[in-house]
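Step one of this worksheet: look at the structure below.
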Amino acid sequence: MTESLSSLQADVAGQGGWKQFNEERVTPIKKYALRNPSLIVGSVLLFGMLFLVGLGHLVWETEMFRPLSAPTRLGPTGAHPFGTDTQGRDLLAVAILGTPLTLRIGLIAGGVAIGLGTVAAFLAAYYRGVVDGAIRSVVDVGLAMPALLILILVRINIGRELSTDELGIAIGLTSWVFPARTIRSQVLVMREQAYVELSRLSGTSGMGIIFKEMMPNLIPYITASLVGSVAGAILASIGLEAIGLGNLSDPTLGMTIYWNIQFSSITLGMWWWWLPPLAAIVIVFVSLFLISSGLDEWSNPRLRKRV
Amino acid sequence: MGVLGHFIVKRFLFFLFVVWLASTIIFIIPRLSGQDPVKEKLLLEAQRGGAMQTGLDAMAKSYQKRFGLDQPMWVQYTNFLKDLAKLNLGVSIAFFPRTVNDIVFESLMWTLGLMGTVTLLAFVLGTLAGAILGWPRKPGWLQYVFMPLLTLSAIPQYLLAMILIFVVAFKLGWLPLFGGYSPATLPNMSFEFAIDVLRHAILPAFAIIFSAIGFWAIGMRGMMINTQGEDYMIQADAKGLKGSRIFMRYAVRNALLPQVTGLALVLGTIVTGQVLVERVFSYPGIGDILFQAIRLSDFFVIRGIVIVIILGIAGATFLLDVLYPLLDPRIRVRNS
């Protein structure tokens with residue numbers, strides 16, 4: 001009797017525990033997901049694709065991304081589910097290796113751009129005066145020059161192929177001006193806020209205000225800009241690769257597009273060659289776009305008014 | 001007008017500054033890398049032709065003399081700037097003796113023709129779509145029609161271009177696969193040729209318009225939402241004005257201005273995006289020439305194209321900046 005009672009109590013407590021957990025943790029997430037579907041759909045798309053890529057790494061022989069590792073121009077078959085290209089690459093291996101490689105370029109470039117941009121923005125907006133003037137003119141000039149063209153010039157003059165990591169860093173170095181500009185304007189608004197004023201009056205140092213007061217409030221905004229920068233960097237990298245300035249031995253999505261254009265796969269009717277990289281790029285961009293607009297909604301509540 | 005004049009002069013000085021700085025960077029980059037594109041090109045040609053390698057140094061020397069590369073750095077620099085001021089971009093290596101000016105300006109016509117029309121169309125259509133999307137009293141189904149269209153803006157133009165080529169040109173065969181005009185014809189002024197050019201332009205144009213519409217619509221939608229709480233909107237409503245009038249004269253009129261600034265900001269992206277679309281279509285514009293020049297490592301043509309594009313973007317930005325105060329009286333007031 002006592003035993004069954006206690007087990008019943010435990011049961012009730014257990015249910016209550018789950019119920020409480022459900023109400024405190026799960027329900028708000030569910031509610032937020034319903035209100036902000038683009039963030040959820042975008043993340044699911046992106047991580048779903050990454051999951052498939054990871055699975056591919058485990059079950060497929062990825063060394064077949066090299067030319068001449070398979071018969072050429074095969075349509076999708078059992079031995080090569082994604083077919084092979086004119087130079088005898090297994091296109092499934094190319095897809096498995098290329099997708100994370102392209103994302104990696106984007107992440108490196110986006111990280112460099114947002115890092116530099118944030119530092120420049122804080123220096124400009126917090127210290128104002130000469131620093132602001134100098135940074136602002138660099139940014140204005142930088143915005144007037146298309147980064148892709150500068151990258152083309154630099155790449156031509158270096159005269160050798162860049163590794164994908166170097167490509168990412170180069171793209172990051174030429175694309176920090178836009179985030180610098182937008183984050184600067186956010187910081188400018190923020191430094192006039194009452195809580196920053198109060199912190200300054202209580203004698204907090206400049207660095208203290210930047211890291212303790214402003215940064216926490218800017219994180220959502222910076223995250224949203226990071227996603228935008230990553231998408232922009234991937235766009236730039238694929239662009240560079242598509243006009244023939246990528247690393248010819250790397251199987252990135254952009255290089256696959258390059259080989260497609262080079263061997264005019266579309267007019268050869270080799271749809272299995274261009275469709276997978278194209279689909280992967282579309283998924284990457286659409287998911288990053290959805291995540292970025294979801295984050296926008298999070299960081300900029302004015303957009304929350306449903307229209 | 002004195003204030004406005006001052007503003008225009010200031011913007012013009014900034015324009016000159018951008019062009020000067022860009023040319024200086026373009027001048028410095030090859031000298032920083034320690035590579036000599038001219039010599040490398042000669043080496044490449046020699047390898048291809050299997051010619052004797054002995055005369056190469058002498059050849060490179062005479063080339064350097066010809067291009068003034070044996071003179072002190074500052075003389076080279078001032079010569080470079082002087083040539084630029086005269087818009088003299090040098091001589092092509094691969095298509096010698098054609099000048100870079102000749103090559104670039106021929107292809108520029110194709111690029112400008114396509115880009116001008118397409119950008120204008122996308123701006124108008126996208127802004128209109130965004131205005132309607134940001135309007136609370138629109139029919140509900142519009143949401144489901146336009147939102148997928150906005151997602152298109154996330155897809156790079158040259159990929160849309162590839163899809164369009166496959167579906168419309170390859171599968172259906174409705175429009176030509178590539179080029180600016182049929183290979184068998186020579187450019188002329190006839191009506192048939194105009195139709196031919198138009199047929200070749202439709203697919204590249206749609207590739208760009210489709211993805212650009214989303215960009216403009218998203219910006220406009222945000223601006224329209226921002227106008228909703230404004231006092232003048234409440235006042236217009238309280239006066240009992242017709243919905244269409246509030247929409248056009250109050251909401252759209254005020255939301256439109258930041259779009260113009262947006263146009264100035266994305267000019268660079270528009271140009272580079274089109275460069276890649278032209279590459280996919282082998283459209284005879286500046287993008288195709290740039291690709292050819294990269295393939296043949298024709299340094300002077302690449303440099304010329306970069307300079308022309310930067311000049312174009314800086315010039316267009318200057319024009320937009322100058323026109324902006326005319327469009328927005330608030331800027332004029334703030335300046336005075």
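Here, A, B, ... name the chains of the structure tokens in the order displayed, residue numbers run from 1 inside each chain, and ligands are numbered from 1 in the same displayed order.
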Note to self: Only residues of chain A matter here; which ones have an atom within 9 Å of chain B, counting only C-alpha atoms? Give them as a count of residues only.
What the structure shows: 48
Notebook entry, point to check: What is the atom CA of A:Arg128-atom CA of B:Val3 distance in Å, reported with one decimal?
Noted result: 25.1 Å
Check: Which polymer residues have any atom within 12 Å of an atom of A:Val177, counting only C-alpha atoms, with same-chain residues fewer than 5 positions away left out, as a PyMOL selection string?
Finding: (chain A and resi 110+112-121+135-147+171-172+182-184+225+229) or (chain B and resi 265)
Check: With only C-alpha atoms as the atoms that count, which of B:Lys82, B:Ile132, B:Ile93, B:Arg11 lies nearest to B:Ser244?
Finding: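 Under the stated criterion, the closest residue is B:Ile132.
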Checklist line | Nearest-residue call for A:Trp176, choices A:Leu198, A:Leu74, A:Leu68, A:Ala109, using only C-alpha atoms | finding: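 Looking at the shortest contact to A:Trp176, the residue is A:Ala109.
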Notebook entry, point to check: Can you tell me how far atom CA of A:Pro81 sits from atom CA of A:Ser163, in Å to one decimal?
Noted result: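 According to the coordinates, atom CA of A:Pro81 and atom CA of A:Ser163 are separated by 28.9 Å.
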Next item on the list: Quick one: pull the distance between atom CA of B:Ala129 and atom CA of B:Ala255, Å, one decimal.
Entry: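 Interatomic distance here is 12.9 Å.
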Next item on the list: Identify which of the residues B:Asp83, B:Thr261, B:Ala251, B:Phe178 lies closest to B:Leu327, counting only C-alpha atoms when measuring atom-to-atom distances.
Entry: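 Once distances to B:Leu327 are computed over only C-alpha atoms, the minimum belongs to B:Thr261.
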Next item on the list: Using DSSP on the backbone coordinates, identify all residues within stretch 169-336 of chain B classified as alpha helix (DSSP H); present the result as a PyMOL selection string.
Entry: chain B and resi 191-227+231-238+243-245+253-281+286-295+299-327+329-335
Next item on the list: For A:Leu97, list every protein, DNA or RNA residue within 8 Å, evaluated using only C-alpha atoms, and leave out those in the same chain fewer than 5 positions away; present the list as number ranges by chain.
Entry: A: 53, 57, 62, 65, 251-252
